[in-house]
$ cat entry-v8.txt   # compact mmCIF, C-alpha atoms
# COMPACT_ATOMS: atom_id res chain seq x y z
CA MET A 1 136.03 130.79 131.52
CA LYS A 2 135.16 129.99 135.13
CA ASN A 3 131.40 130.01 134.51
CA THR A 4 131.42 128.81 130.90
CA PHE A 5 132.73 125.91 128.88
CA PHE A 6 134.07 126.12 125.34
CA GLY A 7 133.31 122.77 123.74
CA TYR A 8 133.67 120.80 120.53
CA ASN A 9 131.09 118.09 119.88
CA VAL A 10 132.99 114.90 119.02
CA TYR A 11 130.26 112.22 119.31
CA SER A 12 126.61 112.63 118.30
CA ARG A 13 123.59 110.33 118.35
CA ASP A 14 123.12 108.70 114.96
CA VAL A 15 120.96 105.69 114.16
CA HIS A 16 123.65 104.59 111.70
CA GLY A 17 126.55 105.20 114.10
CA ASP A 18 129.07 102.47 114.88
CA ARG A 19 129.55 103.37 118.58
CA ILE A 20 127.15 102.20 121.31
CA TYR A 21 126.66 104.17 124.51
CA ARG A 22 123.92 103.44 127.05
CA GLY A 23 122.02 101.50 124.42
CA GLU A 24 122.09 104.26 121.78
CA ARG A 25 124.16 104.57 118.62
CA TYR A 26 126.67 107.39 118.14
CA ARG A 27 129.05 108.41 115.41
CA LYS A 28 132.33 110.24 115.63
CA ARG A 29 132.20 113.67 114.04
CA PHE A 30 135.03 115.11 111.98
CA ILE A 31 133.60 118.61 111.70
CA GLU A 32 136.62 120.34 110.18
CA ASP A 33 137.22 117.61 107.62
CA GLU A 34 133.55 117.14 106.68
CA GLN A 35 132.24 120.71 106.70
CA LEU A 36 135.46 122.57 105.84
CA PRO A 37 134.46 125.69 107.80
CA ARG A 38 136.14 129.00 107.08
CA ASP A 39 137.03 129.57 110.72
CA VAL A 40 137.61 127.03 113.48
CA LEU A 41 135.47 129.06 115.90
CA GLU A 42 132.45 127.99 113.83
CA THR A 43 132.95 124.45 115.12
CA TYR A 44 132.78 125.27 118.85
CA GLU A 45 130.03 126.22 121.27
CA VAL A 46 130.12 128.29 124.44
CA LEU A 47 128.04 126.58 127.15
CA ARG A 48 127.15 127.67 130.65
CA ARG A 49 128.64 125.32 133.22
CA SER A 50 125.26 125.24 134.94
CA ASP A 51 123.82 123.56 131.81
CA ILE A 52 126.33 120.70 131.92
CA VAL A 53 124.62 117.70 133.50
CA TRP A 54 127.57 115.33 133.65
CA ARG A 55 131.31 115.82 133.59
CA ILE A 56 133.93 113.08 133.35
CA ASP A 57 137.41 113.75 134.69
CA PRO A 58 140.17 112.17 132.57
CA ILE A 59 142.29 111.05 135.53
CA GLN A 60 139.39 109.53 137.42
CA ALA A 61 138.22 107.84 134.21
CA ALA A 62 141.66 106.26 133.72
CA GLN A 63 141.73 104.90 137.25
CA ALA A 64 138.19 103.55 136.99
CA HIS A 65 138.32 102.09 133.49
CA CYS A 66 141.92 101.08 132.77
CA SER A 67 140.83 97.45 133.15
CA SER A 68 138.91 97.85 129.87
CA PHE A 69 142.22 97.81 127.98
CA ALA A 70 144.08 95.38 130.25
CA LYS A 71 146.47 92.91 128.57
CA THR A 72 147.05 95.35 125.70
CA ILE A 73 149.97 97.60 124.85
CA TRP A 74 147.83 100.56 125.96
CA PHE A 75 147.73 99.24 129.51
CA ASP A 76 151.49 98.76 129.37
CA LEU A 77 151.77 102.40 128.27
CA TYR A 78 149.48 103.49 131.09
CA GLN A 79 151.69 101.71 133.59
CA GLN A 80 154.80 103.34 132.15
CA LEU A 81 153.21 106.79 132.40
CA THR A 82 151.87 106.34 135.92
CA ALA A 83 155.23 105.02 137.08
CA LEU A 84 156.82 108.17 135.68
CA PHE A 85 154.27 110.82 136.71
CA GLY A 86 152.05 109.15 139.32
CA ALA A 87 148.49 107.84 138.93
CA ASN A 88 147.03 111.25 139.78
CA ALA A 89 148.70 112.88 136.77
CA VAL A 90 147.70 110.50 133.95
CA GLY A 91 144.25 110.41 132.38
CA ILE A 92 142.40 109.09 129.36
CA PHE A 93 140.33 111.19 126.99
CA GLY A 94 138.42 110.87 123.75
CA SER A 95 136.64 107.63 122.90
CA SER A 96 137.97 105.67 125.88
CA MET A 97 136.13 107.94 128.35
CA PHE A 98 132.84 106.49 127.07
CA HIS A 99 134.10 102.98 126.19
CA PHE A 100 133.84 103.91 122.51
CA HIS A 101 137.36 102.53 122.19
CA LEU A 102 136.02 98.98 122.40
CA LEU A 103 134.60 96.80 119.67
CA PRO A 104 131.49 94.68 120.45
CA ASN A 105 133.78 91.74 121.26
CA GLY A 106 135.58 93.78 123.93
CA GLN A 107 138.81 94.31 121.98
CA VAL A 108 140.34 97.76 121.64
CA ARG A 109 139.09 99.30 118.40
CA LYS A 110 142.23 101.26 117.62
CA ASP A 111 144.07 103.01 120.45
CA VAL A 112 143.68 104.72 123.81
CA ASP A 113 144.44 108.43 124.17
CA PHE A 114 146.30 109.66 127.25
CA VAL A 115 146.62 113.12 128.77
CA ILE A 116 149.26 114.17 131.32
CA GLU A 117 148.58 116.78 133.96
CA GLY A 118 150.97 119.69 134.40
CA LEU A 119 153.38 121.61 132.19
CA GLY A 120 156.08 120.75 134.69
CA ASN A 121 155.99 117.21 133.29
CA VAL A 122 156.77 118.20 129.70
CA GLU A 123 160.54 117.93 130.02
CA LYS A 124 160.31 114.73 132.04
CA LEU A 125 158.33 113.14 129.22
CA ARG A 126 160.72 114.50 126.61
CA ARG A 127 163.62 112.77 128.37
CA SER A 128 161.75 109.53 129.00
CA LEU A 129 159.80 109.04 125.79
CA PRO A 130 162.60 107.40 123.74
CA GLY A 131 162.96 104.73 126.43
CA ILE A 132 159.20 104.16 126.59
CA ARG A 133 159.09 103.69 122.83
CA ALA A 134 161.97 101.22 122.95
CA ARG A 135 160.53 99.16 125.81
CA LEU A 136 157.02 98.88 124.36
CA GLY A 137 157.76 98.68 120.64
CA PHE A 138 156.47 102.08 119.53
CA GLN A 139 158.21 104.15 116.87
CA GLU A 140 158.40 107.85 116.13
CA ILE A 141 155.90 108.97 113.49
CA SER A 142 157.14 107.73 110.13
CA GLU A 143 157.68 109.87 107.04
CA ALA A 144 154.92 107.94 105.26
CA ARG A 145 152.48 108.76 108.04
CA GLN A 146 153.55 112.42 107.98
CA VAL A 147 152.80 112.52 104.25
CA GLN A 148 149.32 111.12 104.90
CA GLN A 149 148.70 113.81 107.52
CA TYR A 150 149.97 116.51 105.16
CA GLN A 151 147.58 115.40 102.44
CA ARG A 152 144.62 115.46 104.85
CA TYR A 153 145.60 118.79 106.35
CA GLN A 154 145.75 120.45 102.95
CA ARG A 155 141.96 120.06 102.67
CA VAL A 156 141.40 121.96 105.93
CA PHE A 157 144.18 124.55 106.00
CA HIS A 158 143.68 126.47 102.79
CA ASN A 159 146.38 129.09 103.11
CA THR A 160 149.45 127.84 101.26
CA ARG A 161 151.76 129.93 103.43
CA ASN A 162 151.31 127.43 106.27
CA THR A 163 154.47 125.33 106.55
CA LEU A 164 152.42 122.22 107.20
CA GLN A 165 155.15 119.67 106.70
CA GLU A 166 157.47 121.32 109.22
CA ILE A 167 154.63 121.70 111.73
CA ILE A 168 153.72 118.02 111.39
CA LYS A 169 157.36 117.03 112.03
CA ARG A 170 157.21 118.80 115.40
CA ARG A 171 154.68 116.31 116.84
CA TRP A 172 157.23 114.99 119.29
CA THR A 173 154.77 113.13 121.60
CA GLY A 174 153.60 110.77 118.85
CA LEU A 175 153.67 107.00 119.41
CA GLN A 176 153.30 104.96 116.25
CA LEU A 177 152.34 101.31 116.55
CA SER A 178 151.69 100.76 112.82
CA GLU A 179 151.01 102.85 109.72
CA ARG A 180 147.36 102.89 110.76
CA ILE A 181 147.64 103.31 114.52
CA VAL A 182 149.24 106.43 116.01
CA SER A 183 148.56 107.89 119.44
CA THR A 184 149.64 111.35 120.58
CA LEU A 185 150.21 112.09 124.25
CA ARG A 186 148.58 115.37 125.34
CA PHE A 187 148.99 117.77 128.24
CA ARG A 188 146.66 119.92 130.29
CA GLU A 189 147.37 122.53 132.96
CA LYS A 190 144.62 123.23 135.49
CA SER A 191 146.14 126.53 136.60
CA ILE A 192 145.57 128.13 133.18
CA ILE A 193 142.01 129.44 132.87
CA LEU A 194 141.17 130.93 129.48
CA PRO A 195 139.31 134.27 129.39
CA LEU A 196 135.94 134.16 127.64
CA GLU A 197 137.00 137.15 125.52
CA LEU A 198 139.23 134.81 123.53
CA VAL A 199 136.14 133.39 121.83
CA GLN A 200 133.18 135.64 122.63
CA ASN A 201 132.61 139.42 122.88
CA THR A 202 136.10 139.83 121.48
CA THR A 203 137.57 143.28 120.79
CA ILE A 204 139.44 142.96 117.49
CA VAL A 205 142.18 145.57 117.05
CA GLN A 206 143.34 144.47 113.59
CA ARG A 207 142.41 141.53 111.41
CA ASP A 208 144.96 139.44 109.54
CA VAL A 209 148.02 141.13 110.99
CA VAL A 210 151.40 139.65 110.00
CA ILE A 211 154.18 139.59 112.59
CA SER A 212 157.59 137.95 112.80
CA GLY A 213 159.74 137.08 115.77
CA GLU A 214 161.27 134.47 118.03
CA VAL A 215 159.22 131.82 119.81
CA LEU A 216 159.34 131.84 123.60
CA ASP A 217 157.35 129.80 126.17
CA ALA A 218 157.05 126.95 123.66
CA GLU A 219 156.13 124.41 126.35
CA ARG A 220 152.64 125.98 126.42
CA SER A 221 152.13 124.86 122.82
CA ASN A 222 151.57 121.40 124.31
CA LEU A 223 148.22 122.68 125.62
CA PHE A 224 145.03 123.60 123.80
CA PRO A 225 144.68 126.15 122.48
CA ARG A 226 148.31 126.06 121.40
CA MET A 227 149.93 128.94 123.26
CA PHE A 228 153.33 130.58 123.08
CA THR A 229 154.95 134.02 123.03
CA LEU A 230 156.26 135.64 119.87
CA SER A 231 159.00 138.15 120.66
CA THR A 232 159.37 140.85 118.00
CA GLU A 233 161.81 143.76 117.90
CA LYS A 234 159.41 146.00 119.82
CA HIS A 235 156.90 143.77 121.58
CA ARG A 236 156.12 140.34 123.02
CA TYR A 237 152.78 138.98 121.86
CA PRO A 238 150.98 136.08 123.54
CA VAL A 239 149.75 133.84 120.70
CA TYR A 240 146.72 131.52 120.79
CA VAL A 241 146.41 128.99 117.96
CA TRP A 242 142.96 127.32 117.96
CA TRP A 243 143.84 124.52 115.53
CA TRP A 244 144.01 121.27 117.53
CA LYS A 245 145.56 119.46 114.56
CA PHE A 246 148.68 121.59 115.05
CA SER A 247 150.05 119.44 117.86
CA THR A 248 153.12 121.08 119.47
CA PRO A 249 153.63 123.29 116.37
CA VAL A 250 156.60 125.32 117.64
CA ARG A 251 159.86 124.95 119.53
CA SER A 252 161.65 127.47 121.69
CA HIS A 253 163.75 129.92 119.66
CA ASP A 254 162.06 129.09 116.36
CA ARG A 255 162.03 132.08 114.01
CA LEU A 256 158.42 132.39 112.96
CA THR A 257 156.17 134.59 110.86
CA LEU A 258 152.43 134.27 111.36
CA CYS A 259 149.16 135.84 110.35
CA GLY A 260 146.28 136.19 112.81
CA ASP A 261 143.88 138.63 114.38
CA LYS A 262 145.24 141.10 116.92
CA ILE A 263 142.73 141.30 119.77
CA MET A 264 142.53 142.87 123.21
CA LEU A 265 142.64 140.44 126.08
CA GLU A 266 142.66 141.58 129.70
CA GLY A 267 144.10 144.94 128.72
CA ARG A 268 146.86 143.76 126.39
CA GLU A 269 147.23 142.96 122.72
CA VAL A 270 147.46 139.28 121.79
CA ILE A 271 147.33 137.30 118.55
CA ARG A 272 144.58 134.78 117.86
CA VAL A 273 144.96 132.31 114.97
CA THR A 274 141.65 130.71 113.89
CA ASN A 275 140.81 131.31 110.22
CA PHE A 276 141.60 128.37 107.92
CA HIS A 277 141.75 130.59 104.84
CA ASP A 278 143.40 133.80 106.00
CA HIS A 279 145.66 132.81 108.89
CA TRP A 280 148.93 130.90 108.77
CA LEU A 281 152.18 129.96 110.51
CA ALA A 282 155.47 129.83 108.63
CA PHE A 283 158.97 129.12 109.88
CA ASP A 284 161.65 131.54 108.69
CA ALA A 285 164.50 130.08 106.70
$ encode --input "entry-v8.txt" --output "structure tokens"
Amino acid sequence: MKNTFFGYNVYSRDVHGDRIYRGERYRKRFIEDEQLPRDVLETYEVLRRSDIVWRIDPIQAAQAHCSSFAKTIWFDLYQQLTALFGANAVGIFGSSMFHFHLLPNGQVRKDVDFVIEGLGNVEKLRRSLPGIRARLGFQEISEARQVQQYQRYQRVFHNTRNTLQEIIKRRWTGLQLSERIVSTLRFREKSIILPLELVQNTTIVQRDVVISGEVLDAERSNLFPRMFTLSTEKHRYPVYVWWWKFSTPVRSHDRLTLCGDKIMLEGREVIRVTNFHDHWLAFDA
């Protein structure tokens, strides 16, 4: 998508919104939870890069605005991450990019979301995260919080063959500060450029195909869309899961059965998982 941008509108102008930006009120949108679309692709837009008037880089934003959450646990976390990966590999995203993370009194509203550059840093974080939690007072995501997520996810993911509880348990980058406050560390990889055919002018070979196999390349499931390879008896299929709520849904060597659309992408068959009603991921017993 070198000349296009595939975007999800998170904040919109709203006279009743509780976020202030440049003197105007905005509200946070929860499109999937509010509209319950049939397919996640209904919630995205394809924009021409030439139409984008302003772009904020997560890493530059972190360096410029980290003082906005100074003297909080989120700044302590930022320091831990930059000490581990370097300041040029740690960014902020979401509300903090626009100072929506602050209340009118200047206090952090809830949390600050961080993104780490480079798949090569996945294993380094995996090794270091227990120590970061211990030093700063974070916990792994509790069972009670997982149950809350499961109950919310059931409204969005309608196919009962999804093994939602097991997928939620795989959110290994979660940092829980309280039952209300949980932050999830994310990854991006600049070298991976998604083809436009994944979302537009797509050649669909077969809808709702069911395949089973072994998960390979699971580290790419830390990105969005969630990507991995499913190795079957006769073929290896690249898989693209467009559900952002499925954070790190698979692990290497998982035995998995899934349902998605088989499409052509750059001359090869791949599987795209998007439909909340018809598509699903299930771990084999």
$ atom_distance --input "entry-v8.txt" --atom1 "CA of Tyr240 (chain A)" --atom2 "CA of Arg272 (chain A)"
4.9 Å
$ closest_residue --input "entry-v8.txt" --among "A:Tyr237, A:Phe283, A:Trp242, A:Trp172" --to "Glu269 (chain A)" --atoms "all atoms listed in the file"
A:Tyr237
$ residues_near_point --input "entry-v8.txt" --point "(159.2, 98.3, 121.2)" --cutoff "12 Å" --atoms "all atoms listed in the file" --output "number ranges by chain"
A: 73, 76-77, 129-140, 175-178
$ closest_atom_pairs --input "entry-v8.txt" --of "region 182-283 of chain A" --to "region 48-63 of chain A" --cutoff "12 Å" --atoms "only C-alpha atoms" --output "tab-separated table"
residue	atom	partner	partner_atom	distance
A:Arg186	CA	A:Pro58	CA	11.5
A:Phe187	CA	A:Pro58	CA	11.3
A:Arg188	CA	A:Pro58	CA	10.4
A:Lys190	CA	A:Asp57	CA	11.9
A:Leu196	CA	A:Arg48	CA	11.3
$ closest_residue --input "entry-v8.txt" --among "A:Phe5, A:Phe228, A:Tyr150, A:Phe30" --to "Glu214 (chain A)" --atoms "only C-alpha atoms"
A:Phe228
$ residues_around --input "entry-v8.txt" --residues "region 87-100 of chain A" --least-positions-apart "5" --cutoff "6 Å" --atoms "only C-alpha atoms" --output "PyMOL selection string"
chain A and resi 19+58-59+62+82+113-117
$ closest_residue --input "entry-v8.txt" --among "A:Arg226, A:Arg268, A:Arg161, A:Arg170" --to "Asp254 (chain A)" --atoms "all atoms listed in the file"
A:Arg170
$ residues_around --input "entry-v8.txt" --residues "His279 (chain A)" --least-positions-apart "5" --cutoff "7 Å" --atoms "all atoms listed in the file" --output "list in words"
Asn159, Asp208, Cys259, Gly260, Val273 and Thr274 of chain A
$ residues_near_point --input "entry-v8.txt" --point "(120.8, 107.5, 114.6)" --cutoff "9 Å" --atoms "only C-alpha atoms" --output "list in words"
Ser12, Arg13, Asp14, Val15, His16, Gly17, Glu24, Arg25, Tyr26 and Arg27 of chain A
$ residues_around --input "entry-v8.txt" --residues "Ala70 (chain A)" --least-positions-apart "5" --cutoff "10 Å" --atoms "all atoms listed in the file" --output "PyMOL selection string"
chain A and resi 65+75-76+78+107-108
$ closest_residue --input "entry-v8.txt" --among "A:Thr173, A:Gln165, A:Thr43, A:Thr203" --to "Ala144 (chain A)" --atoms "only C-alpha atoms"
A:Gln165
$ closest_residue --input "entry-v8.txt" --among "A:Ser221, A:Ile271, A:Ser183, A:Thr163" --to "Ala285 (chain A)" --atoms "all atoms listed in the file"
A:Thr163
$ residues_around --input "entry-v8.txt" --residues "region 243-250 of chain A" --least-positions-apart "4" --cutoff "10 Å" --atoms "only C-alpha atoms" --output "NGL selection string"
:A and (32 or 39-41 or 149 or 153 or 156-157 or 164 or 166-174 or 184-186 or 215-228 or 254-256 or 273-276 or 281 or 283)
$ decode --input "entry-v8.txt" --residues "region 92-118 of chain A" --atoms "C-alpha atoms" --output "mmCIF file, in the first residue's frame"
data_model
loop_
_atom_site.group_PDB
_atom_site.id
_atom_site.type_symbol
_atom_site.label_atom_id
_atom_site.label_comp_id
_atom_site.auth_asym_id
_atom_site.auth_seq_id
_atom_site.Cartn_x
_atom_site.Cartn_y
_atom_site.Cartn_z
ATOM 1 C CA ILE A 92 3.306 6.051 21.642
ATOM 2 C CA PHE A 93 0.042 5.609 19.792
ATOM 3 C CA GLY A 94 -3.678 6.010 20.329
ATOM 4 C CA SER A 95 -4.983 8.781 22.563
ATOM 5 C CA SER A 96 -1.562 9.940 23.769
ATOM 6 C CA MET A 97 -0.549 11.038 20.249
ATOM 7 C CA PHE A 98 -3.150 13.817 20.479
ATOM 8 C CA HIS A 99 -2.955 14.432 24.256
ATOM 9 C CA PHE A 100 -6.356 12.754 24.602
ATOM 10 C CA HIS A 101 -4.762 10.711 27.381
ATOM 11 C CA LEU A 102 -4.909 13.716 29.711
ATOM 12 C CA LEU A 103 -7.769 14.950 31.845
ATOM 13 C CA PRO A 104 -8.431 18.724 32.025
ATOM 14 C CA ASN A 105 -6.324 18.882 35.197
ATOM 15 C CA GLY A 106 -3.323 17.417 33.363
ATOM 16 C CA GLN A 107 -3.455 13.967 34.966
ATOM 17 C CA VAL A 108 -3.325 10.826 32.843
ATOM 18 C CA ARG A 109 -6.882 9.735 32.108
ATOM 19 C CA LYS A 110 -6.189 6.014 32.082
ATOM 20 C CA ASP A 111 -2.999 4.738 30.450
ATOM 21 C CA VAL A 112 -0.443 5.369 27.722
ATOM 22 C CA ASP A 113 -0.109 2.933 24.823
ATOM 23 C CA PHE A 114 3.354 2.011 23.553
ATOM 24 C CA VAL A 115 4.505 0.479 20.281
ATOM 25 C CA ILE A 116 7.911 -1.129 19.679
ATOM 26 C CA GLU A 117 9.616 -1.033 16.305
ATOM 27 C CA GLY A 118 10.909 -4.243 14.753
#
